[in-house]
file coords04.cif (mmCIF, C-alpha atoms)
data_entry
#
loop_
_atom_site.label_atom_id
_atom_site.label_comp_id
_atom_site.auth_asym_id
_atom_site.auth_seq_id
_atom_site.Cartn_x
_atom_site.Cartn_y
_atom_site.Cartn_z
CA MET A 1163 185.88 66.79 146.00
CA ASN A 1164 183.09 68.90 144.50
CA GLN A 1165 181.42 71.56 146.56
CA SER A 1166 177.91 70.25 145.92
CA MET A 1167 175.78 67.93 143.82
CA THR A 1168 172.13 67.06 143.45
CA LEU A 1169 170.49 63.63 143.59
CA ASN A 1170 166.98 63.57 142.23
CA ILE A 1171 165.45 60.28 143.41
CA ALA A 1172 162.77 60.15 140.68
CA LYS A 1173 165.22 60.93 137.86
CA ASP A 1174 168.48 59.39 139.11
CA PHE A 1175 167.17 56.36 141.00
CA SER A 1176 163.53 55.29 140.61
CA ARG A 1177 160.07 56.76 140.27
CA GLU A 1178 158.89 53.92 142.50
CA PRO A 1179 161.31 53.70 145.42
CA ALA A 1180 160.16 50.77 147.54
CA GLY A 1181 161.37 48.39 150.21
CA ARG A 1182 164.07 48.42 152.83
CA TYR A 1183 166.77 45.91 151.94
CA VAL A 1184 168.51 44.85 148.72
CA ALA A 1185 166.51 41.62 148.94
CA ASP A 1186 163.31 43.68 148.70
CA GLY A 1187 164.23 44.95 145.24
CA SER A 1188 166.52 47.16 143.19
CA ALA A 1189 164.66 50.33 144.25
CA SER A 1190 165.08 49.75 147.99
CA GLY A 1191 166.39 52.16 150.61
CA GLU A 1192 169.52 50.09 151.09
CA VAL A 1193 170.35 50.21 147.36
CA PHE A 1194 169.74 53.95 147.26
CA CYS A 1195 171.98 54.48 150.28
CA ASP A 1196 174.84 52.23 149.14
CA LYS A 1197 174.82 52.90 145.40
CA HIS A 1198 173.80 56.55 145.25
CA LEU A 1199 173.90 58.45 148.53
CA ILE A 1200 177.22 57.26 149.94
CA PRO A 1201 179.06 57.59 146.57
CA ALA A 1202 177.59 61.09 146.20
CA LEU A 1203 178.89 62.05 149.65
CA LYS A 1204 182.34 60.82 148.62
CA ARG A 1205 182.24 63.08 145.57
CA ALA A 1206 180.71 66.21 147.07
CA GLU A 1207 180.77 68.06 150.34
CA VAL A 1208 177.05 68.86 150.22
CA VAL A 1209 174.44 66.63 148.55
CA THR A 1210 170.98 67.94 147.81
CA VAL A 1211 168.41 65.14 147.68
CA VAL A 1212 165.22 65.96 145.79
CA LEU A 1213 162.33 63.77 146.96
CA ASP A 1214 159.67 65.15 144.59
CA GLY A 1215 158.34 63.41 141.48
CA THR A 1216 158.08 59.80 142.67
CA GLU A 1217 154.98 57.60 143.02
CA GLY A 1218 155.23 57.93 146.80
CA TYR A 1219 157.44 56.65 149.61
CA GLY A 1220 157.12 53.97 152.21
CA SER A 1221 158.66 54.60 155.63
CA SER A 1222 160.66 51.38 155.13
CA PHE A 1223 162.53 53.01 152.24
CA LEU A 1224 163.04 56.33 154.06
CA GLU A 1225 164.33 54.71 157.25
CA GLU A 1226 166.85 52.48 155.51
CA ALA A 1227 168.02 55.14 153.06
CA PHE A 1228 168.66 57.92 155.59
CA GLY A 1229 168.70 56.19 159.00
CA GLY A 1230 170.85 53.57 157.26
CA LEU A 1231 173.23 56.27 156.06
CA VAL A 1232 173.76 57.44 159.65
CA ARG A 1233 174.32 53.79 160.72
CA ARG A 1234 176.85 53.13 157.97
CA LEU A 1235 178.86 56.36 158.13
CA GLY A 1236 178.39 57.07 161.85
CA LEU A 1237 177.28 60.62 161.08
CA ALA A 1238 176.31 63.03 163.85
CA GLU A 1239 172.99 64.86 163.46
CA SER A 1240 174.79 68.15 162.80
CA GLU A 1241 176.98 66.49 160.17
CA PHE A 1242 173.91 65.05 158.45
CA SER A 1243 172.22 68.47 158.41
CA ARG A 1244 175.36 70.15 157.09
CA ARG A 1245 176.02 67.65 154.30
CA ILE A 1246 172.53 66.55 153.23
CA LYS A 1247 169.97 69.06 152.05
CA LEU A 1248 166.49 67.60 151.60
CA ILE A 1249 163.95 69.09 149.22
CA SER A 1250 160.31 67.97 149.22
CA ASP A 1251 157.86 70.54 147.93
CA ASP A 1252 155.23 67.85 147.26
CA ASP A 1253 155.23 66.63 150.85
CA PRO A 1254 157.29 68.53 153.46
CA THR A 1255 156.34 65.96 156.14
CA LEU A 1256 158.77 63.53 154.45
CA ILE A 1257 161.66 65.73 155.60
CA GLU A 1258 160.35 65.77 159.16
CA GLU A 1259 160.04 61.97 159.10
CA ILE A 1260 163.57 61.50 157.73
CA LEU A 1261 165.08 63.81 160.35
CA GLY A 1262 163.23 61.75 162.97
CA TYR A 1263 165.02 58.60 161.72
CA VAL A 1264 168.35 60.39 161.81
CA ARG A 1265 167.78 61.50 165.41
CA GLU A 1266 166.61 58.01 166.44
CA GLU A 1267 169.70 56.43 164.94
CA VAL A 1268 172.03 58.92 166.64
CA HIS A 1269 170.31 58.33 170.01
CA ARG A 1270 170.44 54.54 169.51
CA ARG A 1271 174.17 54.72 168.84
CA ARG A 1272 174.74 56.95 171.86
CA ALA A 1273 172.72 54.62 174.10
CA HIS A 1274 174.63 51.63 172.74
CA ALA A 1275 178.00 53.35 173.31
CA GLY A 1276 177.03 54.50 176.82
CA MET B 1214 125.06 132.24 157.60
CA ALA B 1215 123.23 129.38 155.87
CA SER B 1216 119.61 129.84 155.04
CA GLY B 1217 116.93 127.29 155.95
CA SER B 1218 116.78 125.95 152.39
CA ASP B 1219 120.62 125.51 152.34
CA LEU B 1220 120.37 123.51 155.53
CA LEU B 1221 117.66 121.35 154.02
CA VAL B 1222 119.75 120.66 150.90
CA HIS B 1223 122.85 119.85 152.99
CA GLY B 1224 120.78 117.60 155.22
CA ALA B 1225 119.33 115.74 152.27
CA LEU B 1226 122.76 115.37 150.68
CA GLY B 1227 124.24 114.12 153.94
CA ALA B 1228 121.45 111.57 154.31
CA ALA B 1229 121.94 110.36 150.72
CA ILE B 1230 125.70 110.01 151.21
CA TRP B 1231 125.11 108.15 154.48
CA GLN B 1232 122.72 105.74 152.71
CA LEU B 1233 125.26 105.16 149.93
CA LEU B 1234 128.03 104.47 152.46
CA LYS B 1235 125.78 102.05 154.32
CA MET B 1236 124.93 100.21 151.11
CA ALA B 1237 128.59 100.02 150.08
CA GLY B 1238 129.59 98.81 153.55
CA SER B 1239 126.87 96.20 153.58
CA ALA B 1240 127.86 94.97 150.10
CA LEU B 1241 131.49 94.77 151.20
CA MET B 1242 130.57 92.84 154.36
CA LYS B 1243 128.41 90.45 152.33
CA ARG B 1244 131.22 89.86 149.82
CA ARG B 1245 133.64 89.19 152.71
CA SER B 1246 131.20 86.85 154.35
CA ASP B 1247 130.56 85.01 151.05
CA SER B 1248 134.31 84.72 150.51
CA GLY B 1249 134.77 83.32 154.04
CA ALA B 1250 131.93 80.84 153.47
CA ASP B 1251 133.46 79.80 150.14
CA LYS B 1252 136.83 79.21 151.80
CA ARG B 1253 135.23 77.14 154.54
CA LYS B 1254 133.35 75.10 151.93
CA VAL B 1255 136.61 74.39 150.05
CA LEU B 1256 138.23 73.38 153.35
CA ARG B 1257 135.34 71.06 154.27
CA ASP B 1258 135.45 69.39 150.84
CA GLU B 1259 139.19 68.81 151.16
CA VAL B 1260 138.82 67.41 154.69
CA SER B 1261 136.15 65.00 153.44
CA LYS B 1262 138.47 63.85 150.65
CA ALA B 1263 141.29 63.30 153.14
CA SER B 1264 138.99 61.29 155.37
CA GLN B 1265 138.09 58.99 152.46
CA LEU B 1266 141.79 58.61 151.65
CA VAL B 1267 142.54 57.54 155.22
CA HIS B 1268 139.80 54.88 154.91
CA ALA B 1269 141.09 53.66 151.56
CA CYS B 1270 144.68 53.56 152.74
CA LEU B 1271 143.76 51.78 155.97
CA ASP B 1272 141.80 49.13 154.02
CA ALA B 1273 144.69 48.53 151.61
CA ALA B 1274 147.29 48.42 154.40
CA VAL B 1275 145.25 46.02 156.54
CA ALA B 1276 144.74 43.81 153.47
CA TYR B 1277 148.50 43.93 152.79
CA TYR B 1278 149.44 42.87 156.31
CA THR B 1279 146.72 40.31 156.94
CA SER B 1280 145.48 38.77 153.68
CA GLU B 1281 146.67 35.54 152.22
CA CYS B 1282 147.57 36.51 148.67
CA ASP B 1283 150.32 35.92 146.12
CA ALA B 1284 153.38 38.12 145.62
CA ALA B 1285 151.89 39.96 142.63
CA LYS B 1286 148.74 40.89 144.56
CA ARG B 1287 150.83 41.91 147.57
CA SER B 1288 153.01 44.09 145.38
CA GLU B 1289 149.90 45.73 143.92
CA LEU B 1290 148.53 46.37 147.43
CA ALA B 1291 151.85 47.90 148.50
CA ARG B 1292 151.79 50.22 145.48
CA THR B 1293 148.23 51.25 146.35
CA VAL B 1294 149.20 52.01 149.95
CA ARG B 1295 152.19 54.14 148.90
CA HIS B 1296 150.08 56.02 146.38
CA GLN B 1297 147.19 56.61 148.80
CA VAL B 1298 149.58 57.88 151.45
CA GLN B 1299 151.08 60.28 148.91
CA LEU B 1300 147.61 61.53 147.90
CA LEU B 1301 146.79 61.96 151.58
CA ALA B 1302 149.95 64.02 152.11
CA SER B 1303 149.02 66.30 149.18
CA SER B 1304 145.50 66.63 150.53
CA ASN B 1305 146.93 67.47 153.95
CA GLN B 1306 148.98 70.27 152.40
CA ARG B 1307 145.85 71.75 150.81
CA ILE B 1308 143.96 71.35 154.09
CA ASN B 1309 146.59 73.28 155.98
CA VAL B 1310 146.55 76.09 153.40
CA GLY B 1311 142.75 76.22 153.70
CA ALA B 1312 142.90 76.09 157.50
CA ARG B 1313 145.31 79.03 157.60
CA ALA B 1314 143.08 81.01 155.21
CA THR B 1315 140.08 80.52 157.50
CA GLY B 1316 141.90 81.02 160.79
CA LYS B 1317 141.67 77.35 161.80
CA THR B 1318 144.32 74.98 163.07
CA GLY B 1319 145.43 72.47 160.42
CA ILE B 1320 146.43 68.82 160.80
CA GLU B 1321 149.72 68.29 162.62
CA ALA B 1322 152.50 66.72 160.56
CA ARG B 1323 153.19 64.17 163.32
CA MET B 1324 149.73 62.64 162.83
CA LEU B 1325 150.31 62.05 159.14
CA ILE B 1326 153.82 60.72 159.82
CA ALA B 1327 152.53 58.31 162.49
CA PHE B 1328 149.92 56.97 160.07
CA ARG B 1329 152.46 56.63 157.23
CA GLN B 1330 154.83 54.76 159.56
CA ALA B 1331 152.09 52.42 160.72
CA ALA B 1332 151.08 51.75 157.12
CA THR B 1333 154.46 51.49 155.44
CA LEU B 1334 157.32 50.81 157.86
CA ASP B 1335 157.22 47.10 156.96
CA LEU B 1336 155.98 47.53 153.39
CA ASP B 1337 157.56 45.81 150.36
CA SER B 1338 159.45 43.29 152.43
CA ALA B 1339 160.77 40.22 150.60
CA THR B 1340 160.72 38.34 153.89
CA PHE B 1341 157.08 39.20 154.45
CA VAL B 1342 155.35 37.40 157.30
CA GLU B 1343 151.59 37.61 157.38
CA VAL B 1344 150.28 38.89 160.69
CA GLY B 1345 147.00 38.29 162.47
CA HIS B 1346 144.44 40.93 163.43
CA ASP B 1347 145.73 41.08 166.98
CA HIS B 1348 149.23 41.95 165.82
CA ALA B 1349 150.78 45.25 166.94
CA ARG B 1350 151.16 46.42 163.33
CA VAL B 1351 147.43 46.22 162.65
CA ALA B 1352 146.55 47.71 166.05
CA SER B 1353 148.91 50.61 165.32
CA LEU B 1354 147.31 51.09 161.90
CA TYR B 1355 143.83 51.37 163.38
CA ARG B 1356 145.00 53.62 166.22
CA THR B 1357 146.85 56.12 164.01
CA ALA B 1358 144.03 56.12 161.43
CA HIS B 1359 141.55 56.80 164.25
CA ASP B 1360 143.68 59.68 165.60
CA LEU B 1361 143.95 61.20 162.14
CA GLN B 1362 140.20 60.84 161.55
CA LEU B 1363 139.48 62.52 164.89
CA SER B 1364 141.59 65.53 163.89
CA LEU B 1365 139.93 65.68 160.48
CA THR B 1366 136.46 65.50 162.04
CA ALA B 1367 137.28 68.26 164.53
CA LEU B 1368 138.51 70.45 161.68
CA LEU B 1369 135.42 69.63 159.59
CA TYR B 1370 133.10 70.77 162.37
CA SER B 1371 135.11 73.89 163.15
CA ALA B 1372 134.80 74.86 159.47
CA THR B 1373 131.01 74.34 159.39
#

call {"tool": "encode", "arguments": {"input": "coords04.cif", "output": "structure tokens"}}
result
Amino acid sequence: MNQSMTLNIAKDFSREPAGRYVADGSASGEVFCDKHLIPALKRAEVVTVVLDGTEGYGSSFLEEAFGGLVRRLGLAESEFSRRIKLISDDDPTLIEEILGYVREEVHRRRAHAG
Amino acid sequence: MASGSDLLVHGALGAAIWQLLKMAGSALMKRRSDSGADKRKVLRDEVSKASQLVHACLDAAVAYYTSECDAAKRSELARTVRHQVQLLASSNQRINVGARATGKTGIEARMLIAFRQAATLDLDSATFVEVGHDHARVASLYRTAHDLQLSLTALLYSAT
């Protein structure tokens, strides 16, 4: 396993990420999570995700890509923070929003388990 | 011991230096004040732009969620909403830089996030279901846009 790798959404995935599920299109959050993010985490210990350079994000994409990652892999919040580094110079509020989805998903799982 | 004429010369020199210092100080204060006014003007302009973006984004999002239109038109509206939200986020960054420079409080990230969520959490859905004006999605859009506009207005007036 590599120590680290970088995923640039605009260059490696789509300049127009949009939608939540596969059915919503090939640039959806679910496609990004399943085809890019999870494989990257299998190859590298730490994955840096660059959010800059796209035509904008919808919350539907962000929730499914990153909240969906926590759902699929059952990551803890600390594990997410250790393994995923988010970069968004264009709009730092995207990072805050994504971390909100991660926390929500962890709490939902905890509530469901309890 | 200084003679009377020496004292007169020193006095005149002192008065001249004092006048020069006053003029320099006043020029410096004016430049600072002009610079502060310029910064506030830049901030006000940016806040006005952001306010227009909130309007434009709200209109496009409400149209997306409530209008009867074909898939191509809906896709175009979704693209507009995403783009407007991105422009708004960039504007918000510039506002917060300007607010810091003028000693004001900027726009909280949570307000922008709440508006983005209201506008885009159900965007680009293949299983789109048109909603009425009384639907929670539209109510949430208007509420978060209103909250954001209130913050922008408060900042606009504080920078006047």

call {"tool": "residues_around", "arguments": {"input": "coords04.cif", "residues": "segment 1163-1178 of chain A", "least_positions_apart": "6", "cutoff": "10 Å", "atoms": "all atoms listed in the file", "output": "compact mmCIF listing (two decimals) with C-alpha atoms, keeping the file's coordinate frame"}}
result
# COMPACT_ATOMS: atom_id res chain seq x y z
CA SER A 1188 166.52 47.16 143.19
CA ALA A 1189 164.66 50.33 144.25
CA SER A 1190 165.08 49.75 147.99
CA VAL A 1193 170.35 50.21 147.36
CA PHE A 1194 169.74 53.95 147.26
CA LYS A 1197 174.82 52.90 145.40
CA HIS A 1198 173.80 56.55 145.25
CA LEU A 1199 173.90 58.45 148.53
CA ALA A 1202 177.59 61.09 146.20
CA LEU A 1203 178.89 62.05 149.65
CA LYS A 1204 182.34 60.82 148.62
CA ARG A 1205 182.24 63.08 145.57
CA ALA A 1206 180.71 66.21 147.07
CA GLU A 1207 180.77 68.06 150.34
CA VAL A 1208 177.05 68.86 150.22
CA VAL A 1209 174.44 66.63 148.55
CA THR A 1210 170.98 67.94 147.81
CA VAL A 1211 168.41 65.14 147.68
CA VAL A 1212 165.22 65.96 145.79
CA LEU A 1213 162.33 63.77 146.96
CA ASP A 1214 159.67 65.15 144.59
CA GLY A 1215 158.34 63.41 141.48
CA THR A 1216 158.08 59.80 142.67
CA GLU A 1217 154.98 57.60 143.02
CA GLY A 1218 155.23 57.93 146.80
CA TYR A 1219 157.44 56.65 149.61
CA GLY A 1220 157.12 53.97 152.21
CA ARG A 1245 176.02 67.65 154.30
CA ILE A 1246 172.53 66.55 153.23
CA LYS A 1247 169.97 69.06 152.05
CA LEU A 1248 166.49 67.60 151.60
CA ILE A 1249 163.95 69.09 149.22
CA ARG B 1292 151.79 50.22 145.48
CA ARG B 1295 152.19 54.14 148.90
CA HIS B 1296 150.08 56.02 146.38

call {"tool": "atom_distance", "arguments": {"input": "coords04.cif", "atom1": "atom CA of Asp1360 of chain B", "atom2": "atom CA of Glu1321 of chain B"}}
result
10.9 Å

call {"tool": "closest_residue", "arguments": {"input": "coords04.cif", "among": "A:Arg1234, A:Glu1241, A:Cys1195, A:Ser1221", "to": "chain B", "atoms": "all atoms listed in the file"}}
result
A:Ser1221

call {"tool": "residues_around", "arguments": {"input": "coords04.cif", "residues": "Ser1261 of chain B", "least_positions_apart": "5", "cutoff": "9 Å", "atoms": "only C-alpha atoms", "output": "MDAnalysis selection string"}}
result
chainID B and resid 1256 1266 1365:1366 1369

call {"tool": "atom_distance", "arguments": {"input": "coords04.cif", "atom1": "atom CA of Ala1331 of chain B", "atom2": "atom CA of Val1275 of chain B"}}
result
10.3 Å

call {"tool": "interface_residues", "arguments": {"input": "coords04.cif", "of": "chain B", "to": "chain A", "cutoff": "10 Å", "atoms": "all atoms listed in the file", "output": "JSON, numbers by chain"}}
result
{"B": [1291, 1292, 1293, 1294, 1295, 1296, 1297, 1298, 1299, 1300, 1301, 1302, 1303, 1304, 1305, 1306, 1321, 1322, 1323, 1324, 1325, 1326, 1327, 1329, 1330, 1331, 1332, 1333, 1334, 1335, 1336, 1337, 1338, 1339, 1340, 1341]}

call {"tool": "atom_distance", "arguments": {"input": "coords04.cif", "atom1": "atom CA of Glu1343 of chain B", "atom2": "atom CA of Tyr1277 of chain B"}}
result
8.4 Å

call {"tool": "residues_around", "arguments": {"input": "coords04.cif", "residues": "Val1344 of chain B", "least_positions_apart": "2", "cutoff": "10 Å", "atoms": "only C-alpha atoms", "output": "VMD selection string"}}
result
chain B and resid 1275 1277 to 1281 1341 to 1342 1346 to 1351

call {"tool": "decode", "arguments": {"input": "coords04.cif", "residues": "segment 1246-1257 of chain B", "atoms": "all heavy atoms", "output": "JSON list (two decimals), in the first residue's frame"}}
result
[["chain", "number", "residue", "atom", "x", "y", "z"],
["B", 1246, "SER", "N", -7.99, 57.63, 6.71],
["B", 1246, "SER", "CA", -9.44, 57.69, 6.66],
["B", 1246, "SER", "C", -9.95, 57.35, 5.26],
["B", 1246, "SER", "O", -10.92, 56.62, 5.08],
["B", 1246, "SER", "CB", -9.87, 59.10, 7.09],
["B", 1246, "SER", "OG", -11.15, 59.35, 6.65],
["B", 1247, "ASP", "N", -9.24, 57.90, 4.23],
["B", 1247, "ASP", "CA", -9.61, 57.59, 2.84],
["B", 1247, "ASP", "C", -9.48, 56.10, 2.58],
["B", 1247, "ASP", "O", -10.33, 55.47, 1.95],
["B", 1247, "ASP", "CB", -8.70, 58.36, 1.87],
["B", 1247, "ASP", "CG", -9.07, 59.83, 1.83],
["B", 1247, "ASP", "OD1", -10.11, 60.18, 2.42],
["B", 1247, "ASP", "OD2", -8.30, 60.62, 1.26],
["B", 1248, "SER", "N", -8.37, 55.53, 3.08],
["B", 1248, "SER", "CA", -8.11, 54.10, 2.88],
["B", 1248, "SER", "C", -9.21, 53.28, 3.54],
["B", 1248, "SER", "O", -9.71, 52.31, 2.98],
["B", 1248, "SER", "CB", -6.74, 53.76, 3.44],
["B", 1248, "SER", "OG", -6.64, 52.40, 3.65],
["B", 1249, "GLY", "N", -9.62, 53.66, 4.77],
["B", 1249, "GLY", "CA", -10.69, 52.97, 5.47],
["B", 1249, "GLY", "C", -12.00, 53.08, 4.69],
["B", 1249, "GLY", "O", -12.74, 52.10, 4.55],
["B", 1250, "ALA", "N", -12.28, 54.28, 4.17],
["B", 1250, "ALA", "CA", -13.51, 54.49, 3.40],
["B", 1250, "ALA", "C", -13.49, 53.66, 2.12],
["B", 1250, "ALA", "O", -14.51, 53.08, 1.73],
["B", 1250, "ALA", "CB", -13.65, 55.97, 3.06],
["B", 1251, "ASP", "N", -12.32, 53.60, 1.48],
["B", 1251, "ASP", "CA", -12.18, 52.78, 0.27],
["B", 1251, "ASP", "C", -12.47, 51.31, 0.57],
["B", 1251, "ASP", "O", -13.18, 50.64, -0.19],
["B", 1251, "ASP", "CB", -10.76, 52.90, -0.31],
["B", 1251, "ASP", "CG", -10.53, 54.27, -0.93],
["B", 1251, "ASP", "OD1", -11.52, 55.01, -1.11],
["B", 1251, "ASP", "OD2", -9.37, 54.60, -1.23],
["B", 1252, "LYS", "N", -11.89, 50.85, 1.68],
["B", 1252, "LYS", "CA", -12.10, 49.43, 2.05],
["B", 1252, "LYS", "C", -13.57, 49.14, 2.33],
["B", 1252, "LYS", "O", -14.09, 48.10, 1.96],
["B", 1252, "LYS", "CB", -11.26, 49.07, 3.28],
["B", 1252, "LYS", "CG", -9.78, 48.89, 2.97],
["B", 1252, "LYS", "CD", -9.02, 48.61, 4.25],
["B", 1252, "LYS", "CE", -7.53, 48.49, 3.95],
["B", 1252, "LYS", "NZ", -6.74, 48.46, 5.19],
["B", 1253, "ARG", "N", -14.23, 50.10, 3.00],
["B", 1253, "ARG", "CA", -15.65, 49.90, 3.30],
["B", 1253, "ARG", "C", -16.48, 49.91, 2.02],
["B", 1253, "ARG", "O", -17.45, 49.18, 1.89],
["B", 1253, "ARG", "CB", -16.15, 50.97, 4.29],
["B", 1253, "ARG", "CG", -15.66, 50.75, 5.71],
["B", 1253, "ARG", "CD", -16.49, 51.55, 6.72],
["B", 1253, "ARG", "NE", -16.48, 52.97, 6.43],
["B", 1253, "ARG", "CZ", -15.52, 53.81, 6.80],
["B", 1253, "ARG", "NH1", -14.49, 53.35, 7.49],
["B", 1253, "ARG", "NH2", -15.59, 55.09, 6.51],
["B", 1254, "LYS", "N", -16.07, 50.75, 1.07],
["B", 1254, "LYS", "CA", -16.79, 50.81, -0.22],
["B", 1254, "LYS", "C", -16.66, 49.48, -0.96],
["B", 1254, "LYS", "O", -17.64, 48.95, -1.50],
["B", 1254, "LYS", "CB", -16.19, 51.97, -1.05],
["B", 1254, "LYS", "CG", -16.57, 52.01, -2.51],
["B", 1254, "LYS", "CD", -17.91, 52.72, -2.70],
["B", 1254, "LYS", "CE", -18.23, 53.04, -4.13],
["B", 1254, "LYS", "NZ", -18.30, 51.92, -5.03],
["B", 1255, "VAL", "N", -15.43, 48.93, -0.96],
["B", 1255, "VAL", "CA", -15.19, 47.63, -1.62],
["B", 1255, "VAL", "C", -16.05, 46.55, -0.96],
["B", 1255, "VAL", "O", -16.69, 45.73, -1.62],
["B", 1255, "VAL", "CB", -13.69, 47.24, -1.53],
["B", 1255, "VAL", "CG1", -13.47, 45.80, -1.96],
["B", 1255, "VAL", "CG2", -12.86, 48.19, -2.39],
["B", 1256, "LEU", "N", -16.10, 46.60, 0.38],
["B", 1256, "LEU", "CA", -16.90, 45.62, 1.13],
["B", 1256, "LEU", "C", -18.39, 45.77, 0.78],
["B", 1256, "LEU", "O", -19.06, 44.77, 0.52],
["B", 1256, "LEU", "CB", -16.67, 45.81, 2.63],
["B", 1256, "LEU", "CG", -17.46, 44.90, 3.57],
["B", 1256, "LEU", "CD1", -17.20, 43.43, 3.29],
["B", 1256, "LEU", "CD2", -17.15, 45.22, 5.04],
["B", 1257, "ARG", "N", -18.87, 47.00, 0.75],
["B", 1257, "ARG", "CA", -20.30, 47.21, 0.44],
["B", 1257, "ARG", "C", -20.64, 46.70, -0.96],
["B", 1257, "ARG", "O", -21.67, 46.07, -1.17],
["B", 1257, "ARG", "CB", -20.65, 48.71, 0.54],
["B", 1257, "ARG", "CG", -20.74, 49.24, 1.94],
["B", 1257, "ARG", "CD", -21.51, 50.56, 1.98],
["B", 1257, "ARG", "NE", -20.93, 51.58, 1.11],
["B", 1257, "ARG", "CZ", -19.95, 52.41, 1.46],
["B", 1257, "ARG", "NH1", -19.44, 52.33, 2.68],
["B", 1257, "ARG", "NH2", -19.49, 53.32, 0.63]]
